[in-house]
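Student: Contents are mmCIF, C-alpha atoms and all ligand atoms; file name data-v9.cif:
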data_run
loop_
_atom_site.group_PDB
_atom_site.id
_atom_site.type_symbol
_atom_site.label_atom_id
_atom_site.label_comp_id
_atom_site.auth_asym_id
_atom_site.auth_seq_id
_atom_site.Cartn_x
_atom_site.Cartn_y
_atom_site.Cartn_z
ATOM 1 C CA MET O 21 -21.819 56.084 41.248
ATOM 2 C CA LYS O 22 -24.297 56.205 38.388
ATOM 3 C CA LYS O 23 -21.670 57.338 35.889
ATOM 4 C CA LEU O 24 -19.334 54.466 36.770
ATOM 5 C CA PHE O 25 -22.201 52.040 36.262
ATOM 6 C CA PHE O 26 -22.548 53.039 32.599
ATOM 7 C CA VAL O 27 -18.947 52.238 31.690
ATOM 8 C CA PRO O 28 -19.023 48.477 32.301
ATOM 9 C CA ALA O 29 -22.427 48.279 30.609
ATOM 10 C CA ALA O 30 -21.051 49.867 27.447
ATOM 11 C CA ALA O 31 -18.008 47.601 27.541
ATOM 12 C CA ALA O 32 -20.218 44.532 27.883
ATOM 13 C CA MET O 33 -22.250 45.582 24.855
ATOM 14 C CA LEU O 34 -19.077 46.072 22.818
ATOM 15 C CA PHE O 35 -17.873 42.660 23.924
ATOM 16 C CA LEU O 36 -21.137 41.002 22.848
ATOM 17 C CA ALA O 37 -21.046 42.813 19.521
ATOM 18 C CA SER O 38 -17.510 41.676 18.775
ATOM 19 C CA CYS O 39 -18.329 38.113 19.816
ATOM 20 C CA GLY O 40 -21.229 38.031 17.406
ATOM 21 C CA GLY O 41 -19.000 39.311 14.648
ATOM 22 C CA ASN O 42 -16.354 36.691 15.316
ATOM 23 C CA SER O 43 -18.710 33.747 15.384
ATOM 24 C CA SER O 44 -20.298 34.713 12.080
ATOM 25 C CA ASN O 45 -16.781 34.983 10.595
ATOM 26 C CA ASP O 46 -15.983 31.468 11.793
ATOM 27 C CA GLU O 47 -19.079 30.106 10.099
ATOM 28 C CA SER O 48 -18.186 31.716 6.806
ATOM 29 C CA THR O 49 -14.590 30.395 6.837
ATOM 30 C CA THR O 50 -15.502 26.769 7.650
ATOM 31 C CA PRO O 51 -16.681 25.793 4.128
ATOM 32 C CA THR O 52 -13.605 27.479 2.627
ATOM 33 C CA GLU O 53 -11.309 25.354 4.817
ATOM 34 C CA ASP O 54 -13.150 22.174 3.762
ATOM 35 C CA THR O 55 -12.632 22.797 0.059
ATOM 36 C CA THR O 56 -8.902 23.441 0.569
ATOM 37 C CA THR O 57 -8.471 20.246 2.658
ATOM 38 C CA ALA O 58 -10.096 17.931 0.089
ATOM 39 C CA PRO O 59 -7.479 18.320 -2.692
ATOM 40 C CA ALA O 60 -4.665 17.979 -0.107
ATOM 41 C CA VAL O 61 -5.938 14.483 0.765
ATOM 42 C CA THR O 62 -6.081 13.333 -2.855
ATOM 43 C CA GLU O 63 -2.558 14.696 -3.390
ATOM 44 C CA ALA O 64 -1.133 12.017 -1.067
ATOM 45 C CA PRO O 65 -1.746 8.710 -2.854
ATOM 46 C CA GLY O 66 -2.884 5.882 -0.605
ATOM 47 C CA ALA O 67 -3.333 8.172 2.413
ATOM 48 C CA ASP O 68 -6.487 6.206 3.289
ATOM 49 C CA ILE O 69 -4.688 2.829 3.427
ATOM 50 C CA PRO O 70 -4.374 1.593 7.039
ATOM 51 C CA GLY O 71 -0.741 1.451 8.165
ATOM 52 C CA ILE O 72 0.638 3.491 5.258
ATOM 53 C CA ASP O 73 2.080 6.080 7.659
ATOM 54 C CA SER O 74 4.514 3.547 9.141
ATOM 55 C CA VAL O 75 5.820 2.480 5.703
ATOM 56 C CA SER O 76 8.913 4.297 4.478
ATOM 57 C CA VAL O 77 9.905 4.969 0.886
ATOM 58 C CA THR O 78 12.227 2.379 -0.632
ATOM 59 C CA ASP O 79 13.802 1.574 -3.976
ATOM 60 C CA ASN O 80 14.653 -1.971 -2.934
ATOM 61 C CA ILE O 81 11.755 -4.306 -2.112
ATOM 62 C CA THR O 82 12.367 -7.772 -0.685
ATOM 63 C CA LEU O 83 9.413 -10.103 -0.590
ATOM 64 C CA THR O 84 8.733 -13.784 0.069
ATOM 65 C CA GLY O 85 5.844 -16.114 -0.732
ATOM 66 C CA SER O 86 5.021 -19.119 1.429
ATOM 67 C CA ASP O 87 3.150 -22.432 1.381
ATOM 68 C CA ASP O 88 0.228 -20.838 3.239
ATOM 69 C CA MET O 89 -0.377 -18.616 0.186
ATOM 70 C CA LYS O 90 0.808 -15.378 1.731
ATOM 71 C CA PHE O 91 3.321 -12.655 0.974
ATOM 72 C CA ASP O 92 5.380 -11.690 4.023
ATOM 73 C CA LYS O 93 4.669 -8.000 3.320
ATOM 74 C CA THR O 94 1.744 -6.360 1.566
ATOM 75 C CA LEU O 95 2.389 -2.624 1.625
ATOM 76 C CA PHE O 96 5.223 -0.648 0.073
ATOM 77 C CA LYS O 97 5.965 2.966 -0.697
ATOM 78 C CA VAL O 98 8.181 4.084 -3.578
ATOM 79 C CA LYS O 99 8.855 7.226 -5.588
ATOM 80 C CA ALA O 100 6.964 7.559 -8.862
ATOM 81 C CA GLY O 101 9.313 7.631 -11.840
ATOM 82 C CA GLN O 102 12.188 6.078 -9.885
ATOM 83 C CA GLN O 103 13.551 2.611 -10.688
ATOM 84 C CA VAL O 104 12.790 0.030 -7.996
ATOM 85 C CA THR O 105 14.373 -3.390 -7.462
ATOM 86 C CA LEU O 106 12.173 -6.244 -6.272
ATOM 87 C CA ASP O 107 13.754 -9.396 -4.886
ATOM 88 C CA PHE O 108 11.240 -12.210 -4.549
ATOM 89 C CA LYS O 109 11.695 -15.705 -3.109
ATOM 90 C CA ASN O 110 9.372 -18.665 -2.748
ATOM 91 C CA VAL O 111 10.296 -19.864 0.737
ATOM 92 C CA GLY O 112 7.860 -22.783 0.624
ATOM 93 C CA LYS O 113 8.570 -26.506 0.289
ATOM 94 C CA LEU O 114 5.547 -27.797 -1.623
ATOM 95 C CA PRO O 115 6.089 -28.969 -5.225
ATOM 96 C CA ALA O 116 5.940 -26.316 -7.957
ATOM 97 C CA ALA O 117 2.897 -27.893 -9.627
ATOM 98 C CA ALA O 118 0.852 -27.429 -6.450
ATOM 99 C CA MET O 119 2.322 -24.233 -4.970
ATOM 100 C CA SER O 120 4.224 -21.822 -7.199
ATOM 101 C CA HIS O 121 4.336 -18.080 -6.685
ATOM 102 C CA ASN O 122 5.076 -14.954 -8.671
ATOM 103 C CA VAL O 123 4.696 -11.207 -8.198
ATOM 104 C CA VAL O 124 2.691 -9.350 -10.827
ATOM 105 C CA ILE O 125 2.550 -5.563 -10.556
ATOM 106 C CA LEU O 126 -0.539 -4.169 -12.211
ATOM 107 C CA GLN O 127 -1.316 -0.826 -13.788
ATOM 108 C CA GLN O 128 -3.515 1.534 -11.794
ATOM 109 C CA GLY O 129 -7.161 0.776 -12.357
ATOM 110 C CA THR O 130 -6.687 -2.853 -13.399
ATOM 111 C CA ASP O 131 -9.596 -5.102 -12.430
ATOM 112 C CA VAL O 132 -7.703 -7.460 -10.091
ATOM 113 C CA GLN O 133 -10.522 -10.002 -9.956
ATOM 114 C CA LYS O 134 -10.736 -10.147 -13.755
ATOM 115 C CA PHE O 135 -6.957 -10.440 -14.075
ATOM 116 C CA GLY O 136 -6.778 -13.216 -11.494
ATOM 117 C CA GLU O 137 -9.467 -15.198 -13.266
ATOM 118 C CA ALA O 138 -7.918 -14.712 -16.707
ATOM 119 C CA ALA O 139 -4.595 -15.934 -15.282
ATOM 120 C CA VAL O 140 -5.966 -19.345 -14.265
ATOM 121 C CA PRO O 141 -5.855 -21.023 -17.701
ATOM 122 C CA ALA O 142 -2.684 -19.157 -18.795
ATOM 123 C CA ALA O 143 -0.266 -21.886 -17.680
ATOM 124 C CA ALA O 144 1.712 -21.689 -20.925
ATOM 125 C CA THR O 145 2.678 -18.074 -20.156
ATOM 126 C CA GLY O 146 3.438 -18.522 -16.452
ATOM 127 C CA HIS O 147 -0.119 -17.504 -15.565
ATOM 128 C CA ILE O 148 0.258 -14.074 -17.134
ATOM 129 C CA PRO O 149 -2.910 -13.829 -19.253
ATOM 130 C CA PRO O 150 -1.918 -12.906 -22.846
ATOM 131 C CA SER O 151 -5.118 -10.855 -23.235
ATOM 132 C CA MET O 152 -4.151 -8.597 -20.323
ATOM 133 C CA THR O 153 -0.424 -7.995 -20.749
ATOM 134 C CA ASP O 154 -1.151 -4.261 -21.144
ATOM 135 C CA ASP O 155 -2.207 -4.267 -17.492
ATOM 136 C CA VAL O 156 1.156 -5.627 -16.329
ATOM 137 C CA ILE O 157 3.893 -3.194 -15.346
ATOM 138 C CA ALA O 158 6.326 -5.951 -14.391
ATOM 139 C CA HIS O 159 6.339 -9.497 -13.083
ATOM 140 C CA THR O 160 8.734 -12.074 -11.718
ATOM 141 C CA LYS O 161 9.013 -15.584 -13.053
ATOM 142 C CA LEU O 162 6.740 -18.204 -11.569
ATOM 143 C CA LEU O 163 8.836 -19.769 -8.820
ATOM 144 C CA GLY O 164 8.883 -23.245 -7.315
ATOM 145 C CA PRO O 165 10.086 -24.007 -3.768
ATOM 146 C CA GLY O 166 13.368 -22.303 -2.850
ATOM 147 C CA GLU O 167 13.581 -20.357 -6.122
ATOM 148 C CA SER O 168 14.038 -16.618 -6.357
ATOM 149 C CA ASP O 169 13.882 -13.895 -9.002
ATOM 150 C CA LYS O 170 14.905 -10.266 -9.106
ATOM 151 C CA ILE O 171 13.244 -7.637 -11.296
ATOM 152 C CA THR O 172 13.402 -3.885 -11.734
ATOM 153 C CA PHE O 173 10.490 -1.659 -12.588
ATOM 154 C CA THR O 174 9.350 1.949 -12.493
ATOM 155 C CA LEU O 175 5.899 3.089 -11.464
ATOM 156 C CA PRO O 176 5.204 5.922 -13.889
ATOM 157 C CA ASP O 177 2.725 8.078 -11.971
ATOM 158 C CA PRO O 178 1.851 8.848 -8.356
ATOM 159 C CA GLY O 179 -0.904 6.554 -7.150
ATOM 160 C CA VAL O 180 -1.680 3.116 -5.774
ATOM 161 C CA TYR O 181 -0.669 -0.027 -7.669
ATOM 162 C CA ASP O 182 -1.890 -3.536 -6.858
ATOM 163 C CA PHE O 183 0.403 -6.529 -6.925
ATOM 164 C CA ILE O 184 -0.707 -10.153 -6.826
ATOM 165 C CA CYS O 185 0.474 -13.704 -7.212
ATOM 166 C CA SER O 186 -1.293 -14.927 -10.335
ATOM 167 C CA PHE O 187 -0.897 -18.658 -9.697
ATOM 168 C CA PRO O 188 -4.416 -20.163 -9.804
ATOM 169 C CA GLY O 189 -6.373 -19.506 -6.639
ATOM 170 C CA HIS O 190 -3.707 -17.356 -4.999
ATOM 171 C CA PHE O 191 -4.620 -13.723 -5.679
ATOM 172 C CA GLY O 192 -7.386 -13.790 -3.044
ATOM 173 C CA THR O 193 -4.802 -14.038 -0.257
ATOM 174 C CA MET O 194 -1.626 -13.052 -2.112
ATOM 175 C CA HIS O 195 -2.148 -9.412 -2.912
ATOM 176 C CA GLY O 196 -0.732 -6.098 -1.773
ATOM 177 C CA LYS O 197 -0.275 -2.487 -2.712
ATOM 178 C CA ILE O 198 2.607 -0.280 -3.755
ATOM 179 C CA VAL O 199 2.019 3.400 -3.194
ATOM 180 C CA ALA O 200 3.984 5.628 -5.553
ATOM 181 C CA GLU O 201 4.613 9.088 -4.140
ATOM 182 C CA LYS O 202 5.280 12.190 -6.163
HETATM 183 CU CU CU S 301 1.204 -17.753 -5.073
#
In structure tokens, write the structure found in this file.
Tutor:
Amino acid sequence: MKKLFFVPAAAAMLFLASCGGNSSNDESTTPTEDTTTAPAVTEAPGADIPGIDSVSVTDNITLTGSDDMKFDKTLFKVKAGQQVTLDFKNVGKLPAAAMSHNVVILQQGTDVQKFGEAAVPAAATGHIPPSMTDDVIAHTKLLGPGESDKITFTLPDPGVYDFICSFPGHFGTMHGKIVAEK
């Protein structure tokens, strides 16, 4: 009886020893996993944008602007380096002088607020500020009610690109993002 008693005791000690070993292994691998996850997140541009998962890649964007100063869509996903067609229509009815719209696609890192403000006095150039043309990847014409314009452009690098309507006072509500995937 006494001999049998020693066997489970030894097994229990082995079990405890192996448990201790395992848990200390887990602790040492946790920081390693964190550092490998971080670059994976930055590799997917715009992964932190709400709703981006339900947006599929396209090379043909259709977009409208309305009298309530809104785009009908604000989030797109394209392939970096691939030509994209954008078809834009002003579906409003208000006169062009009061309510025109365009789509201006900006380089990554452009200060949208600064661009929007610089666009206000730039009526002669369709509200594309001459001092900031380097920040513009592509833009449609400024459109009055019922007008439409079609442009093609290529987003050069993976990342997130802002687009706005640069008609005075509009960029606050008329803005969106195009995510360019690798
Ligand atoms: Cu507008």
Student: Which residues are near ligand CU 301 (chain S) - at most 12 Å, using only C-alpha atoms and all ligand atoms? Format: as a PDB file with C-alpha atoms, keeping the file's coordinate frame.
Tutor:
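Saved the output as part-v4.pdb:
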ATOM      1  CA  THR O  84       8.733 -13.784   0.069  1.00  0.00           C
ATOM      2  CA  GLY O  85       5.844 -16.114  -0.732  1.00  0.00           C
ATOM      3  CA  SER O  86       5.021 -19.119   1.429  1.00  0.00           C
ATOM      4  CA  ASP O  87       3.150 -22.432   1.381  1.00  0.00           C
ATOM      5  CA  ASP O  88       0.228 -20.838   3.239  1.00  0.00           C
ATOM      6  CA  MET O  89      -0.377 -18.616   0.186  1.00  0.00           C
ATOM      7  CA  LYS O  90       0.808 -15.378   1.731  1.00  0.00           C
ATOM      8  CA  PHE O  91       3.321 -12.655   0.974  1.00  0.00           C
ATOM      9  CA  ASP O  92       5.380 -11.690   4.023  1.00  0.00           C
ATOM     10  CA  PHE O 108      11.240 -12.210  -4.549  1.00  0.00           C
ATOM     11  CA  LYS O 109      11.695 -15.705  -3.109  1.00  0.00           C
ATOM     12  CA  ASN O 110       9.372 -18.665  -2.748  1.00  0.00           C
ATOM     13  CA  VAL O 111      10.296 -19.864   0.737  1.00  0.00           C
ATOM     14  CA  GLY O 112       7.860 -22.783   0.624  1.00  0.00           C
ATOM     15  CA  LEU O 114       5.547 -27.797  -1.623  1.00  0.00           C
ATOM     16  CA  ALA O 116       5.940 -26.316  -7.957  1.00  0.00           C
ATOM     17  CA  ALA O 117       2.897 -27.893  -9.627  1.00  0.00           C
ATOM     18  CA  ALA O 118       0.852 -27.429  -6.450  1.00  0.00           C
ATOM     19  CA  MET O 119       2.322 -24.233  -4.970  1.00  0.00           C
ATOM     20  CA  SER O 120       4.224 -21.822  -7.199  1.00  0.00           C
ATOM     21  CA  HIS O 121       4.336 -18.080  -6.685  1.00  0.00           C
ATOM     22  CA  ASN O 122       5.076 -14.954  -8.671  1.00  0.00           C
ATOM     23  CA  VAL O 123       4.696 -11.207  -8.198  1.00  0.00           C
ATOM     24  CA  VAL O 124       2.691  -9.350 -10.827  1.00  0.00           C
ATOM     25  CA  GLY O 136      -6.778 -13.216 -11.494  1.00  0.00           C
ATOM     26  CA  ALA O 139      -4.595 -15.934 -15.282  1.00  0.00           C
ATOM     27  CA  VAL O 140      -5.966 -19.345 -14.265  1.00  0.00           C
ATOM     28  CA  GLY O 146       3.438 -18.522 -16.452  1.00  0.00           C
ATOM     29  CA  HIS O 147      -0.119 -17.504 -15.565  1.00  0.00           C
ATOM     30  CA  THR O 160       8.734 -12.074 -11.718  1.00  0.00           C
ATOM     31  CA  LYS O 161       9.013 -15.584 -13.053  1.00  0.00           C
ATOM     32  CA  LEU O 162       6.740 -18.204 -11.569  1.00  0.00           C
ATOM     33  CA  LEU O 163       8.836 -19.769  -8.820  1.00  0.00           C
ATOM     34  CA  GLY O 164       8.883 -23.245  -7.315  1.00  0.00           C
ATOM     35  CA  PRO O 165      10.086 -24.007  -3.768  1.00  0.00           C
ATOM     36  CA  PHE O 183       0.403  -6.529  -6.925  1.00  0.00           C
ATOM     37  CA  ILE O 184      -0.707 -10.153  -6.826  1.00  0.00           C
ATOM     38  CA  CYS O 185       0.474 -13.704  -7.212  1.00  0.00           C
ATOM     39  CA  SER O 186      -1.293 -14.927 -10.335  1.00  0.00           C
ATOM     40  CA  PHE O 187      -0.897 -18.658  -9.697  1.00  0.00           C
ATOM     41  CA  PRO O 188      -4.416 -20.163  -9.804  1.00  0.00           C
ATOM     42  CA  GLY O 189      -6.373 -19.506  -6.639  1.00  0.00           C
ATOM     43  CA  HIS O 190      -3.707 -17.356  -4.999  1.00  0.00           C
ATOM     44  CA  PHE O 191      -4.620 -13.723  -5.679  1.00  0.00           C
ATOM     45  CA  GLY O 192      -7.386 -13.790  -3.044  1.00  0.00           C
ATOM     46  CA  THR O 193      -4.802 -14.038  -0.257  1.00  0.00           C
ATOM     47  CA  MET O 194      -1.626 -13.052  -2.112  1.00  0.00           C
ATOM     48  CA  HIS O 195      -2.148  -9.412  -2.912  1.00  0.00           C
TER      49      HIS O 195
END
Student: Report, in Å with one decimal, the straight-line distance from CA of Ala67 (chain O) to CA of Val199 (chain O).
Tutor: 9.1 Å
Student: Put the listed atoms of region 85-90 of chain O in a box along x, y and z with 8 Å added on every side and give me the centre and edge lengths in Å to one decimal, as AutoDock Vina command-line options.
Tutor:
--center_x 2.7 --center_y -18.9 --center_z 1.3 --size_x 22.2 --size_y 23.1 --size_z 20.0
Student: Calculated over only C-alpha atoms, which of the candidates O:Pro141, O:Asp155, O:Asp169, O:Lys197 has the smallest distance to Gly71 (chain O)?
Tutor: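 Of all the options, O:Lys197 lies closest to Gly71 (chain O).
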Student: Smallest atom-to-atom distance to Ala100 (chain O): which of O:Ala142, O:Leu83, O:Val156, O:Val77, using only C-alpha atoms?
Tutor: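 Closest residue, counting only C-alpha atoms: O:Val77.
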Student: One decimal, in Å: what's the spacing between CA of Val132 (chain O) and CA of Ser151 (chain O)?
Tutor: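 Here the two named atoms are 13.8 Å from each other.
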Student: Using the chain letters and residue numbers of this document, give as a PyMOL selection string the residues selected by the PyMOL selection byres (((chain O and resi 97-99) around 10) and not hetatm).
Tutor: chain O and resi 65-66+72-81+95-96+100-104+174-180+197-202
Student: Evaluated on this file, the PyMOL selection byres (((chain O and resi 152) around 10) and not hetatm) picks out some residues - which ones are they, written as an mmCIF file with C-alpha atoms, keeping the file's coordinate frame?
Tutor:
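Saved to expr25.cif:
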data_model
loop_
_atom_site.group_PDB
_atom_site.id
_atom_site.type_symbol
_atom_site.label_atom_id
_atom_site.label_comp_id
_atom_site.auth_asym_id
_atom_site.auth_seq_id
_atom_site.Cartn_x
_atom_site.Cartn_y
_atom_site.Cartn_z
ATOM 1 C CA LEU O 126 -0.539 -4.169 -12.211
ATOM 2 C CA THR O 130 -6.687 -2.853 -13.399
ATOM 3 C CA LYS O 134 -10.736 -10.147 -13.755
ATOM 4 C CA PHE O 135 -6.957 -10.440 -14.075
ATOM 5 C CA ALA O 138 -7.918 -14.712 -16.707
ATOM 6 C CA ALA O 139 -4.595 -15.934 -15.282
ATOM 7 C CA ILE O 148 0.258 -14.074 -17.134
ATOM 8 C CA PRO O 149 -2.910 -13.829 -19.253
ATOM 9 C CA PRO O 150 -1.918 -12.906 -22.846
ATOM 10 C CA SER O 151 -5.118 -10.855 -23.235
ATOM 11 C CA THR O 153 -0.424 -7.995 -20.749
ATOM 12 C CA ASP O 154 -1.151 -4.261 -21.144
ATOM 13 C CA ASP O 155 -2.207 -4.267 -17.492
ATOM 14 C CA VAL O 156 1.156 -5.627 -16.329
#
Student: So, with only C-alpha atoms as the atoms that count, which of O:Thr145, O:Gln127, O:Ala158, O:Gly166 lies closest to Asp182 (chain O)?
Tutor: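 So, comparing all the options, the nearest one is O:Gln127.
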Student: One decimal, Å: what's the distance from CA of Thr105 (chain O) over to CA of Gln128 (chain O), could you say?
Tutor: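 Going from CA of Thr105 (chain O) over to CA of Gln128 (chain O), I get 19.1 Å.
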